[in-house]
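Worksheet: the structure to be examined is printed underneath.
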Amino acid sequence: MKSELFINGEWVAAQSGEMIDVINPATEEIFHRVASAGADDVNAAVQAAKNAFDTGPWANMNGMERAVILRKIAAEIEARTDELARLEVLDNGKPFPEAQWDMEDTAGCFSFYANLAEELHNAPDEEIALGDERFKTHVVKEPVGVVGAIVPWNYPLLMASWKVAPALAAGCTIVLKPSEVTSLTALELGQVAKECGLPDGVLNIVTGYGASAGQPLSEHPDVDKIAFTGSVATGSRVMQSAASDIKNLSLELGGKSPFVIFGDSDLDQAVEWIMFGIFWNQGEVCSATSRVLVEEVIYEKLLARLKEETQKITIGDGMNEGVLLGPIVNKKQYDQVMGYISTGIDEGARLITGGDKPALNKGYFIKPTIFADVDENSTIWREEIFGPVVCIKPFNKESEAIRLANDSEFGLAAAVMSKDSARCERVARAFRAGIVWINCSQPTFVEAPWGGYKKSGIGRELGKWGLENYLETKQITRFDDDSSWGWYLK
Ligand code: NAD
């Protein structure tokens, strides 16, 4: 297990010598420590990235050559899936099969952007037809420069890969700051990149707290772009830090995503997708469908079936066989989720199941929790809980469901279920959200754009949109006529 910072291809201690305890949320035990970077360390990492961008071999490599290294990284992550997945479970708590899935997706992300690096290289420059035929314009794409990537703890390596892979494909250099809560797999990525031949300084990794490492990174004048995933409150602070230099910025923030279920839906399918939408990854998912709207005709029947299936979920240490719900990531988040549960009870929502700790001696475990009859103005209906807590409410009319679904400051994801395909399409288009699922909830594909409306963020990750995030667009316009321009010299 790595513990030092990765700067300019070397493993180095934080200049202050300070460390952060790494705690297993299933046992509450400290099992490791990682360096706590400060502004000086961040500055050294940014200088390494700037130097690598300005003068290093990376800047002179073409997309075909970059793709070779990206594919090596993908292969190495794939080869180390179980080892990396185990680290993720120790750090984050998620069940091992989910962590394995994360690693497959991480490797897939590097492969996908290897392909796009090649496509970018092979694509001819776009020629633009101009109103004045004496001029010719073509458009070239160039890397944006030094990227500061700041990521959260819920999918530690996967969220890092959504930024690192396209940024590398574009030809950028990077300073990655993982969450102070889950740094281990990000550090392993540094080692993997080094072994796969990524030149020194192209990827630098600084572990540390938001205030002491994240903020100096988002304020640093030599960082050209900040790519941030995290909460709305931090996103807003990062935006302010980036404002003084007018940095290029993309934000992937929180959500309170609705799932509208019409009365003609298959009950089993509805129950399974609700469960996947809110209990997968302990509900610590930005796109979790945490507000469920159910047509009145099936409301009580669905609640009964959902309660029955939810109570069968095996809770425990993510490394144990058969576990479907691990612990919450840390004590702070555990307290936050428990706080929302007691607020929900105080606000009069009907607690169908859960709401407390399971009978386990240690660990930040919370039973999967269902609230019904949740008031649309209540705290638990409006705020992101980021835990295994679903809020359910009945509706009668399609228009009412759409109004309730869109009545949120967030707009990350939404889902609809019905056997009527035209209705699904109509509702999907009416949602004010960047990601919409029909007859399912959560499946995420590297090829498709990811990002939110409203307070859920700015910009899109994944797919070709994810690559665009790290590219500047330059027009080159040529005067292509033998005659004189004829303005001053007639
Ligand atoms: P967070 O905002 O607390 O932290 C995110 C990152 O920002 C961490 O690395 C943290 O150290 C850093 N940070 C904190 N203060 C900072 C500052 N002042 N300047 C710069 N960086 C700072 O979020 P979290 O608790 O780690 O993650 C949960 C949140 O992330 C949820 O709101 C969730 O919805 C969101 N999220 C969104 C997506 C998405 O794709 N939209 C994906 C995953 C998580």
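Labeling convention for the structure tokens: chains A, B, ... as they appear, residues from 1 per chain, ligands from 1 in order of appearance.
Once segment 39-41 of chain A and its same-chain neighbours fewer than 2 positions away are set aside, Ala14, Gln15, Ala37, Asn43, Ala44, Ala45, Ser212, Ala213 and Pro216 of chain A remain within 7 Å of it when counting only C-alpha atoms.
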Keeping only N, CA and C atoms, write the selected residues to a file as a JSON list (two decimals), in the first residue's frame.
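Just written: out_6.json:
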```
[["chain", "number", "residue", "atom", "x", "y", "z"],
["A", 14, "ALA", "N", 5.06, 14.27, 2.31],
["A", 14, "ALA", "CA", 4.56, 15.64, 2.35],
["A", 14, "ALA", "C", 5.61, 16.50, 3.06],
["A", 15, "GLN", "N", 5.80, 17.74, 2.59],
["A", 15, "GLN", "CA", 6.85, 18.58, 3.17],
["A", 15, "GLN", "C", 6.63, 18.82, 4.66],
["A", 37, "ALA", "N", -0.95, 16.42, 1.97],
["A", 37, "ALA", "CA", -0.25, 17.46, 1.20],
["A", 37, "ALA", "C", -0.70, 18.85, 1.62],
["A", 43, "ASN", "N", 2.07, 22.88, -5.04],
["A", 43, "ASN", "CA", 2.85, 23.72, -5.97],
["A", 43, "ASN", "C", 3.90, 22.88, -6.71],
["A", 44, "ALA", "N", 4.58, 22.00, -5.97],
["A", 44, "ALA", "CA", 5.60, 21.15, -6.62],
["A", 44, "ALA", "C", 4.95, 20.25, -7.67],
["A", 45, "ALA", "N", 3.76, 19.73, -7.34],
["A", 45, "ALA", "CA", 3.06, 18.85, -8.30],
["A", 45, "ALA", "C", 2.63, 19.63, -9.54],
["A", 212, "SER", "N", -6.52, 22.14, 2.67],
["A", 212, "SER", "CA", -5.06, 22.31, 2.57],
["A", 212, "SER", "C", -4.47, 21.84, 1.25],
["A", 213, "ALA", "N", -5.15, 20.96, 0.51],
["A", 213, "ALA", "CA", -4.61, 20.51, -0.79],
["A", 213, "ALA", "C", -5.54, 20.86, -1.95],
["A", 216, "PRO", "N", -5.60, 24.98, -2.63],
["A", 216, "PRO", "CA", -4.44, 25.51, -3.36],
["A", 216, "PRO", "C", -4.37, 25.03, -4.80]]
```
Open item on the list: Set the distance at 7 Å and use only C-alpha atoms: which residues neighbour Cys196 of chain A once local chain neighbours fewer than 4 positions away are removed? I'd like the list as a PyMOL selection string.
Closed with: chain A and resi 69+72-73+192
Task: Surroundings of ligand 1 up to 8 Å, based on only C-alpha atoms and all ligand atoms, as a PyMOL selection string - done: chain A and resi 150-155+159+177-181+208-218+228-235+237-238+241+251-255+284-287+333+384+386+412+450-452+456-457
Task: Residue contacts of Pro143 of chain A (10 Å, only C-alpha atoms) excluding same-chain residues fewer than 5 positions away, as an NGL selection string - done: :A and (53 or 59 or 167-173 or 467-473)
Prev. selection, all heavy atoms, output as a short mmCIF file (atom, residue, chain, number, x, y, z; two decimals), in the first residue's frame:
```cif
data_model
loop_
_atom_site.label_atom_id
_atom_site.label_comp_id
_atom_site.auth_asym_id
_atom_site.auth_seq_id
_atom_site.Cartn_x
_atom_site.Cartn_y
_atom_site.Cartn_z
N PHE A 53 4.10 19.42 -19.40
CA PHE A 53 3.27 19.88 -20.51
C PHE A 53 4.09 20.75 -21.47
O PHE A 53 4.00 20.62 -22.69
CB PHE A 53 2.06 20.67 -20.00
CG PHE A 53 1.10 21.04 -21.10
CD1 PHE A 53 0.23 20.09 -21.63
CD2 PHE A 53 1.08 22.32 -21.64
CE1 PHE A 53 -0.64 20.40 -22.67
CE2 PHE A 53 0.21 22.64 -22.68
CZ PHE A 53 -0.65 21.67 -23.19
N ALA A 59 4.11 16.12 -24.56
CA ALA A 59 3.60 17.16 -25.46
C ALA A 59 3.93 16.84 -26.92
O ALA A 59 3.21 17.24 -27.84
CB ALA A 59 4.19 18.50 -25.08
N ALA A 167 -8.26 13.18 -20.01
CA ALA A 167 -7.26 14.26 -19.98
C ALA A 167 -5.95 13.76 -20.61
O ALA A 167 -5.32 14.49 -21.38
CB ALA A 167 -7.03 14.72 -18.54
N LEU A 168 -5.56 12.52 -20.30
CA LEU A 168 -4.34 11.98 -20.92
C LEU A 168 -4.55 11.80 -22.42
O LEU A 168 -3.66 12.10 -23.22
CB LEU A 168 -3.98 10.62 -20.29
CG LEU A 168 -3.47 10.65 -18.84
CD1 LEU A 168 -3.16 9.23 -18.36
CD2 LEU A 168 -2.24 11.53 -18.69
N ALA A 169 -5.72 11.31 -22.80
CA ALA A 169 -5.99 11.10 -24.24
C ALA A 169 -5.87 12.42 -24.99
O ALA A 169 -5.38 12.46 -26.12
CB ALA A 169 -7.39 10.52 -24.42
N ALA A 170 -6.30 13.51 -24.35
CA ALA A 170 -6.25 14.82 -25.01
C ALA A 170 -4.83 15.38 -25.07
O ALA A 170 -4.56 16.30 -25.83
CB ALA A 170 -7.15 15.80 -24.24
N GLY A 171 -3.93 14.83 -24.23
CA GLY A 171 -2.55 15.33 -24.22
C GLY A 171 -2.26 16.28 -23.06
O GLY A 171 -1.24 16.97 -23.06
N CYS A 172 -3.17 16.32 -22.09
CA CYS A 172 -2.97 17.19 -20.92
C CYS A 172 -2.03 16.52 -19.92
O CYS A 172 -1.79 15.31 -19.98
CB CYS A 172 -4.30 17.44 -20.22
SG CYS A 172 -5.47 18.35 -21.22
N THR A 173 -1.56 17.30 -18.96
CA THR A 173 -0.89 16.75 -17.79
C THR A 173 -1.76 17.06 -16.58
O THR A 173 -2.61 17.97 -16.64
CB THR A 173 0.53 17.32 -17.62
OG1 THR A 173 0.44 18.74 -17.47
CG2 THR A 173 1.40 16.99 -18.83
N LEU A 467 -13.97 13.84 -23.63
CA LEU A 467 -12.70 14.25 -24.24
C LEU A 467 -12.71 15.75 -24.53
O LEU A 467 -11.72 16.46 -24.28
CB LEU A 467 -12.47 13.45 -25.54
CG LEU A 467 -11.13 13.68 -26.22
CD1 LEU A 467 -9.98 13.22 -25.35
CD2 LEU A 467 -11.07 12.96 -27.57
N GLU A 468 -13.84 16.24 -25.02
CA GLU A 468 -13.98 17.68 -25.32
C GLU A 468 -13.66 18.54 -24.09
O GLU A 468 -13.15 19.64 -24.22
CB GLU A 468 -15.41 18.00 -25.78
CG GLU A 468 -15.72 17.56 -27.20
CD GLU A 468 -15.04 18.41 -28.27
OE1 GLU A 468 -14.67 19.57 -27.98
OE2 GLU A 468 -14.87 17.91 -29.39
N ASN A 469 -14.00 17.99 -22.91
CA ASN A 469 -13.71 18.66 -21.65
C ASN A 469 -12.25 19.10 -21.54
O ASN A 469 -11.94 20.03 -20.82
CB ASN A 469 -13.93 17.62 -20.54
CG ASN A 469 -14.98 18.04 -19.57
OD1 ASN A 469 -15.26 19.22 -19.43
ND2 ASN A 469 -15.55 17.07 -18.88
N TYR A 470 -11.36 18.38 -22.17
CA TYR A 470 -9.91 18.60 -22.00
C TYR A 470 -9.27 19.15 -23.27
O TYR A 470 -8.05 19.10 -23.42
CB TYR A 470 -9.24 17.29 -21.54
CG TYR A 470 -9.83 16.86 -20.23
CD1 TYR A 470 -10.85 15.91 -20.18
CD2 TYR A 470 -9.44 17.47 -19.04
CE1 TYR A 470 -11.46 15.57 -18.98
CE2 TYR A 470 -10.03 17.15 -17.84
CZ TYR A 470 -11.04 16.20 -17.82
OH TYR A 470 -11.64 15.88 -16.63
N LEU A 471 -10.11 19.65 -24.19
CA LEU A 471 -9.57 20.18 -25.45
C LEU A 471 -9.93 21.65 -25.61
O LEU A 471 -11.04 22.07 -25.25
CB LEU A 471 -10.15 19.40 -26.64
CG LEU A 471 -9.72 17.94 -26.76
CD1 LEU A 471 -10.55 17.23 -27.83
CD2 LEU A 471 -8.23 17.83 -27.10
N GLU A 472 -8.99 22.39 -26.13
CA GLU A 472 -9.29 23.75 -26.57
C GLU A 472 -9.60 23.67 -28.06
O GLU A 472 -9.12 22.78 -28.77
CB GLU A 472 -8.06 24.67 -26.38
CG GLU A 472 -7.79 25.06 -24.94
CD GLU A 472 -8.73 26.13 -24.40
OE1 GLU A 472 -9.77 26.41 -25.02
OE2 GLU A 472 -8.40 26.68 -23.33
N THR A 473 -10.39 24.62 -28.55
CA THR A 473 -10.75 24.67 -29.96
C THR A 473 -10.11 25.91 -30.57
O THR A 473 -10.32 27.02 -30.07
CB THR A 473 -12.28 24.73 -30.12
OG1 THR A 473 -12.83 23.57 -29.49
CG2 THR A 473 -12.70 24.76 -31.57
#
```
Task: Residues near segment 395-408 of chain A, cut-off 8 Å, only C-alpha atoms, skip fewer than 2 positions along chain, as JSON, numbers by chain - done: {"A": [256, 257, 258, 259, 260, 293, 294, 295, 296, 376, 382, 393, 410, 411, 414, 427, 430, 431, 432]}
Open item on the list: To one decimal place in Å, what is the distance between atom CA of Gln100 of chain A and atom CA of Ala85 of chain A?
Closed with: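 Going from atom CA of Gln100 of chain A over to atom CA of Ala85 of chain A, I get 5.2 Å.
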TODO: Pick out the residues sitting within 8 Å of Leu90 of chain A, and hand them over as JSON, numbers by chain; count only C-alpha atoms, and ignore anything fewer than 6 positions along from it in its own chain.
DONE: {"A": [23, 24, 25, 26]}
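Among A:Gly108, A:Gly486, A:Gly197, A:Pro358, the residue with the shortest atom-to-atom distance to Thr314 of chain A, counting only C-alpha atoms, is A:Pro358.
With distances restricted to only C-alpha atoms, A:Asp54 is the closest residue to Gly145 of chain A from A:Leu462, A:Lys332, A:Asp54, A:Asn439.
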